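These notes are about the structure you will find just below.
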Amino acid sequence: MQVKKFLEKRLPVISVDTKKKELAGQYKNNGREWRPKGQPEEVNVYDFINAATGKAIPYSIYDVGQNFGWVNAGCDHDTASFAVQSIRRRWRGMGSKVYPDADQLLISADGGGSNGSRIRLWKFELQGFAQETGLKLTICHLPPGTSKWNKIEHRLFSHISMNWRGRPLVSHEVVVQLISATATREGLKVFAESDKAEYPLKIKITDEQMSKINIKQHEFQGKWNYTIAPKSE
């Protein structure tokens with residue numbers, strides 16, 4: 001219902017989640033790819049992380065109204081700070097240009113993970129984002145066990161996986177390139193950027209900090225549905 005209302009008003013609606021973390025390196029990637037006969041792609045037998053190539057953490061954002069995806073490929077930790085920074089980067093780079101008159105943003109997210117409904121840091125960081133942009137943020141979390149209904153799963157993640165199936169993700173740069181090369185006949189376009197910033201773990205948000213967040217829970221399942229608005233001066 002919320003999504004329909006926003007789309008009717010031509011306001012931005014995004015579905016967010018972290019795609020499965022990938023080890024960068026000469027590792028097996030499920031799927032098949034055509035190769036010259038007798039020339040198979042050689043990969044490592046074991047999938048221990050390689051300190052030189054590291055890993056890729058694809059925090060992804062799917063624009064429901066525009067049918068395009070944006071992926072922030074991090075290499076540190078999948079934290080709430082990383083999640084909101086990904087939304088921030090996407091808004092600065094593309095969202096604000098596509099929706100120049102928008103004063104609201106709807107975010108559809110899973111109930112757990114770095115953007116979980118119980119994560120204090122997630123709400124604290126969203127308050128900062130709302131304050132910077134002037135956007136009123138409506139967040140709708142999917143209940144536990146229903147993440148498959150998150151549109152990003154079948155409208156973005158599945159196509160990225162099909163695009164790179166059978167191809168070793170040999171480096172962080174290759175991960176970004178393959179994600180950016182994802183497209184469909186239905187018009188899906190995907191953009192990706194690398195994020196080499198550090199996102200520390202175990203950041204604590206105090207009760208006092210939480211009390212300063214301008215958050216309003218909705219009447220229906222308020223723990224999963226709420227609005228965070230900019231604080232008035």
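Chains: A, B, ... in order of the structure tokens. Residues: from 1 per chain. Ligands: from 1, in order shown.
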
Which residues in segment 102-212 of chain A does DSSP call alpha helix (DSSP H)? List them as number ranges by chain. A: 120-133, 151-152, 158-163, 172-180, 207-211

Using only C-alpha atoms, which protein or nucleic acid residues come within 7 Å of Cys75 of chain A? Drop anything in the same chain fewer than 2 positions from it, and give the result as a PyMOL selection string. chain A and resi 54-57+73+77+195-196

Report, in Å to a single decimal, how far apart atom CA of Asn67 of chain A and atom CA of Lys21 of chain A are.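 Computed distance, atom CA of Lys21 of chain A to atom CA of Asn67 of chain A, equals 23.2 Å.
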
So how many Å separate atom CA of Asp63 of chain A and atom CA of Ile215 of chain A, to one decimal? 23.7 Å

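In this structure, atom CA of Phe191 of chain A sits 12.9 Å away from atom CA of Phe157 of chain A.
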
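Comparing A:Gly111, A:His172, A:Lys189, A:Trp91 by their smallest distance to Asn150 of chain A, the closest is A:Gly111 (using only C-alpha atoms).
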
Segment 11-200 of chain A: which residues are strand (DSSP E) by DSSP, as a PyMOL selection string? chain A and resi 13-18+22-23+55-63+68-74+104-109+136-141+189-195

Name the residues in contact with Gln217 of chain A at a cut-off of 12 Å, using only C-alpha atoms, excluding same-chain residues fewer than 2 positions from it; report them as a list in words. Ser117, Leu137, Thr138, Ile139, Cys140, Ile213, Asn214, Ile215, Glu219, Phe220, Gln221, Gly222, Lys223, Trp224, Asn225, Tyr226, Thr227, Ile228 and Ala229 of chain A

Can you list, as a PDB file with N, CA and C atoms, in the first residue's frame, every protein, DNA or RNA residue that comes within 12 Å of Ile14 of chain A when you count only C-alpha atoms, leaving out same-chain residues fewer than 2 positions away?
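Output (out-v3.pdb):
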ATOM      1  N   GLN A   2       1.889   1.284   0.863  1.00  0.00           N
ATOM      2  CA  GLN A   2       2.772   2.445   0.926  1.00  0.00           C
ATOM      3  C   GLN A   2       3.496   2.647  -0.405  1.00  0.00           C
ATOM      4  N   VAL A   3       3.967   1.543  -0.987  1.00  0.00           N
ATOM      5  CA  VAL A   3       4.676   1.624  -2.261  1.00  0.00           C
ATOM      6  C   VAL A   3       3.779   2.217  -3.334  1.00  0.00           C
ATOM      7  N   PHE A   6       3.346   6.011  -2.889  1.00  0.00           N
ATOM      8  CA  PHE A   6       4.535   6.763  -3.274  1.00  0.00           C
ATOM      9  C   PHE A   6       4.694   6.811  -4.793  1.00  0.00           C
ATOM     10  N   LEU A   7       4.497   5.677  -5.447  1.00  0.00           N
ATOM     11  CA  LEU A   7       4.674   5.627  -6.904  1.00  0.00           C
ATOM     12  C   LEU A   7       3.632   6.488  -7.617  1.00  0.00           C
ATOM     13  N   LEU A  11       7.085   9.639  -6.242  1.00  0.00           N
ATOM     14  CA  LEU A  11       8.121   9.757  -5.224  1.00  0.00           C
ATOM     15  C   LEU A  11       9.004   8.509  -5.262  1.00  0.00           C
ATOM     16  N   PRO A  12      10.265   8.623  -4.890  1.00  0.00           N
ATOM     17  CA  PRO A  12      11.191   7.486  -4.979  1.00  0.00           C
ATOM     18  C   PRO A  12      10.878   6.369  -3.991  1.00  0.00           C
ATOM     19  N   VAL A  16      16.169  -2.315  -0.564  1.00  0.00           N
ATOM     20  CA  VAL A  16      17.595  -2.410  -0.219  1.00  0.00           C
ATOM     21  C   VAL A  16      17.918  -3.734   0.461  1.00  0.00           C
ATOM     22  N   ASP A  17      19.145  -4.187   0.267  1.00  0.00           N
ATOM     23  CA  ASP A  17      19.624  -5.391   0.939  1.00  0.00           C
ATOM     24  C   ASP A  17      21.086  -5.607   0.534  1.00  0.00           C
ATOM     25  N   SER A  60      23.105  -3.304  -1.996  1.00  0.00           N
ATOM     26  CA  SER A  60      22.400  -3.005  -3.242  1.00  0.00           C
ATOM     27  C   SER A  60      21.120  -2.212  -3.011  1.00  0.00           C
ATOM     28  N   ILE A  61      20.807  -1.387  -3.997  1.00  0.00           N
ATOM     29  CA  ILE A  61      19.620  -0.536  -3.946  1.00  0.00           C
ATOM     30  C   ILE A  61      18.892  -0.665  -5.282  1.00  0.00           C
ATOM     31  N   TYR A  62      17.637  -1.050  -5.228  1.00  0.00           N
ATOM     32  CA  TYR A  62      16.834  -1.190  -6.441  1.00  0.00           C
ATOM     33  C   TYR A  62      15.740  -0.145  -6.443  1.00  0.00           C
ATOM     34  N   ASP A  63      15.708   0.670  -7.493  1.00  0.00           N
ATOM     35  CA  ASP A  63      14.690   1.713  -7.647  1.00  0.00           C
ATOM     36  C   ASP A  63      13.468   1.076  -8.302  1.00  0.00           C
ATOM     37  N   VAL A  64      12.394   0.939  -7.542  1.00  0.00           N
ATOM     38  CA  VAL A  64      11.206   0.240  -8.017  1.00  0.00           C
ATOM     39  C   VAL A  64      10.542   0.974  -9.177  1.00  0.00           C
ATOM     40  N   GLY A  65      10.466   2.294  -9.102  1.00  0.00           N
ATOM     41  CA  GLY A  65       9.785   3.066 -10.135  1.00  0.00           C
ATOM     42  C   GLY A  65      10.569   3.190 -11.425  1.00  0.00           C
ATOM     43  N   GLN A  66      11.890   3.237 -11.332  1.00  0.00           N
ATOM     44  CA  GLN A  66      12.738   3.458 -12.510  1.00  0.00           C
ATOM     45  C   GLN A  66      13.342   2.172 -13.063  1.00  0.00           C
ATOM     46  N   ASN A  67      13.232   1.082 -12.333  1.00  0.00           N
ATOM     47  CA  ASN A  67      13.792  -0.210 -12.740  1.00  0.00           C
ATOM     48  C   ASN A  67      15.294  -0.120 -12.994  1.00  0.00           C
ATOM     49  N   PHE A  68      16.003   0.469 -12.037  1.00  0.00           N
ATOM     50  CA  PHE A  68      17.462   0.383 -12.125  1.00  0.00           C
ATOM     51  C   PHE A  68      18.057   0.087 -10.758  1.00  0.00           C
ATOM     52  N   GLY A  69      19.210  -0.538 -10.801  1.00  0.00           N
ATOM     53  CA  GLY A  69      19.878  -0.927  -9.575  1.00  0.00           C
ATOM     54  C   GLY A  69      21.186  -0.179  -9.409  1.00  0.00           C
ATOM     55  N   TRP A  70      21.581  -0.028  -8.157  1.00  0.00           N
ATOM     56  CA  TRP A  70      22.868   0.596  -7.826  1.00  0.00           C
ATOM     57  C   TRP A  70      23.494  -0.218  -6.704  1.00  0.00           C
ATOM     58  N   ILE A  87      23.119   4.147   0.675  1.00  0.00           N
ATOM     59  CA  ILE A  87      21.918   4.888   0.278  1.00  0.00           C
ATOM     60  C   ILE A  87      22.269   6.346   0.004  1.00  0.00           C
ATOM     61  N   ARG A  90      24.153   6.666  -3.339  1.00  0.00           N
ATOM     62  CA  ARG A  90      23.212   6.498  -4.451  1.00  0.00           C
ATOM     63  C   ARG A  90      22.356   7.750  -4.631  1.00  0.00           C
ATOM     64  N   TRP A  91      21.913   8.341  -3.516  1.00  0.00           N
ATOM     65  CA  TRP A  91      21.053   9.526  -3.624  1.00  0.00           C
ATOM     66  C   TRP A  91      21.834  10.711  -4.187  1.00  0.00           C
ATOM     67  N   GLY A  95      19.945   9.552  -7.367  1.00  0.00           N
ATOM     68  CA  GLY A  95      18.584   9.775  -6.893  1.00  0.00           C
ATOM     69  C   GLY A  95      18.130  11.217  -6.942  1.00  0.00           C
ATOM     70  N   GLN A 104      10.350  13.163  -0.015  1.00  0.00           N
ATOM     71  CA  GLN A 104      10.158  11.934   0.741  1.00  0.00           C
ATOM     72  C   GLN A 104      10.833  10.772   0.014  1.00  0.00           C
ATOM     73  N   LEU A 105      11.182   9.754   0.768  1.00  0.00           N
ATOM     74  CA  LEU A 105      11.799   8.549   0.221  1.00  0.00           C
ATOM     75  C   LEU A 105      11.285   7.342   0.995  1.00  0.00           C
ATOM     76  N   LEU A 106      10.826   6.329   0.265  1.00  0.00           N
ATOM     77  CA  LEU A 106      10.371   5.089   0.891  1.00  0.00           C
ATOM     78  C   LEU A 106      11.465   4.033   0.747  1.00  0.00           C
ATOM     79  N   ILE A 107      11.839   3.425   1.868  1.00  0.00           N
ATOM     80  CA  ILE A 107      12.867   2.394   1.885  1.00  0.00           C
ATOM     81  C   ILE A 107      12.236   1.089   2.342  1.00  0.00           C
ATOM     82  N   SER A 108      12.277   0.081   1.478  1.00  0.00           N
ATOM     83  CA  SER A 108      11.807  -1.257   1.820  1.00  0.00           C
ATOM     84  C   SER A 108      13.023  -2.105   2.145  1.00  0.00           C
ATOM     85  N   ALA A 109      13.044  -2.723   3.337  1.00  0.00           N
ATOM     86  CA  ALA A 109      14.227  -3.449   3.790  1.00  0.00           C
ATOM     87  C   ALA A 109      13.828  -4.720   4.532  1.00  0.00           C
ATOM     88  N   LEU A 137      11.956  10.178   5.581  1.00  0.00           N
ATOM     89  CA  LEU A 137      12.206   8.788   5.234  1.00  0.00           C
ATOM     90  C   LEU A 137      11.145   7.875   5.827  1.00  0.00           C
ATOM     91  N   THR A 138      10.465   7.129   4.991  1.00  0.00           N
ATOM     92  CA  THR A 138       9.518   6.117   5.443  1.00  0.00           C
ATOM     93  C   THR A 138      10.181   4.764   5.263  1.00  0.00           C
ATOM     94  N   ILE A 139      10.331   4.034   6.352  1.00  0.00           N
ATOM     95  CA  ILE A 139      11.006   2.737   6.304  1.00  0.00           C
ATOM     96  C   ILE A 139       9.988   1.646   6.595  1.00  0.00           C
ATOM     97  N   CYS A 140       9.936   0.652   5.713  1.00  0.00           N
ATOM     98  CA  CYS A 140       9.034  -0.487   5.874  1.00  0.00           C
ATOM     99  C   CYS A 140       9.867  -1.761   5.846  1.00  0.00           C
ATOM    100  N   ASN A 150      10.976  -9.277  -0.838  1.00  0.00           N
ATOM    101  CA  ASN A 150      11.684  -8.027  -1.096  1.00  0.00           C
ATOM    102  C   ASN A 150      11.994  -7.966  -2.590  1.00  0.00           C
ATOM    103  N   LYS A 151      11.527  -6.937  -3.269  1.00  0.00           N
ATOM    104  CA  LYS A 151      11.626  -6.877  -4.734  1.00  0.00           C
ATOM    105  C   LYS A 151      13.057  -6.980  -5.236  1.00  0.00           C
ATOM    106  N   ILE A 152      14.016  -6.545  -4.431  1.00  0.00           N
ATOM    107  CA  ILE A 152      15.403  -6.561  -4.870  1.00  0.00           C
ATOM    108  C   ILE A 152      15.898  -7.985  -5.130  1.00  0.00           C
ATOM    109  N   ARG A 155      14.281  -8.954  -8.709  1.00  0.00           N
ATOM    110  CA  ARG A 155      14.404  -7.968  -9.784  1.00  0.00           C
ATOM    111  C   ARG A 155      15.841  -7.492 -10.015  1.00  0.00           C
ATOM    112  N   LEU A 156      16.722  -7.779  -9.043  1.00  0.00           N
ATOM    113  CA  LEU A 156      18.115  -7.349  -9.198  1.00  0.00           C
ATOM    114  C   LEU A 156      19.100  -8.479  -8.922  1.00  0.00           C
TER     115      LEU A 156
END

Within 9 Å of segment 203-205 of chain A, counting only C-alpha atoms, which residues show up once you throw out same-chain ones fewer than 2 positions away? Write them as a list in words, please.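 Non-adjacent residues within range: Arg120, Leu121, Phe124, Pro200, Leu201, Asp207, Glu208, Gln209 and Met210 of chain A.
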
Selected residues, N, CA and C atoms, written as a tab-separated table (two decimals), in the first residue's frame, please.
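What follows is the written file selection-v5.tsv:
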chain	number	residue	atom	x	y	z
A	120	ARG	N	19.95	-0.07	16.28
A	120	ARG	CA	19.94	1.35	16.67
A	120	ARG	C	20.77	2.20	15.71
A	121	LEU	N	21.93	1.68	15.33
A	121	LEU	CA	22.83	2.45	14.47
A	121	LEU	C	22.17	2.75	13.13
A	124	PHE	N	19.92	5.69	13.74
A	124	PHE	CA	20.76	6.86	14.03
A	124	PHE	C	21.37	7.43	12.74
A	200	PRO	N	33.80	0.45	11.08
A	200	PRO	CA	34.09	-0.29	12.31
A	200	PRO	C	32.87	-1.02	12.87
A	201	LEU	N	33.14	-2.11	13.53
A	201	LEU	CA	32.10	-2.88	14.20
A	201	LEU	C	31.88	-2.37	15.62
A	207	ASP	N	21.07	5.56	24.83
A	207	ASP	CA	19.66	5.91	24.97
A	207	ASP	C	19.44	7.39	24.69
A	208	GLU	N	20.41	8.22	25.11
A	208	GLU	CA	20.29	9.66	24.87
A	208	GLU	C	20.30	9.97	23.37
A	209	GLN	N	21.18	9.31	22.64
A	209	GLN	CA	21.23	9.52	21.19
A	209	GLN	C	19.94	9.04	20.54
A	210	MET	N	19.41	7.93	21.00
A	210	MET	CA	18.16	7.42	20.43
A	210	MET	C	17.00	8.37	20.68
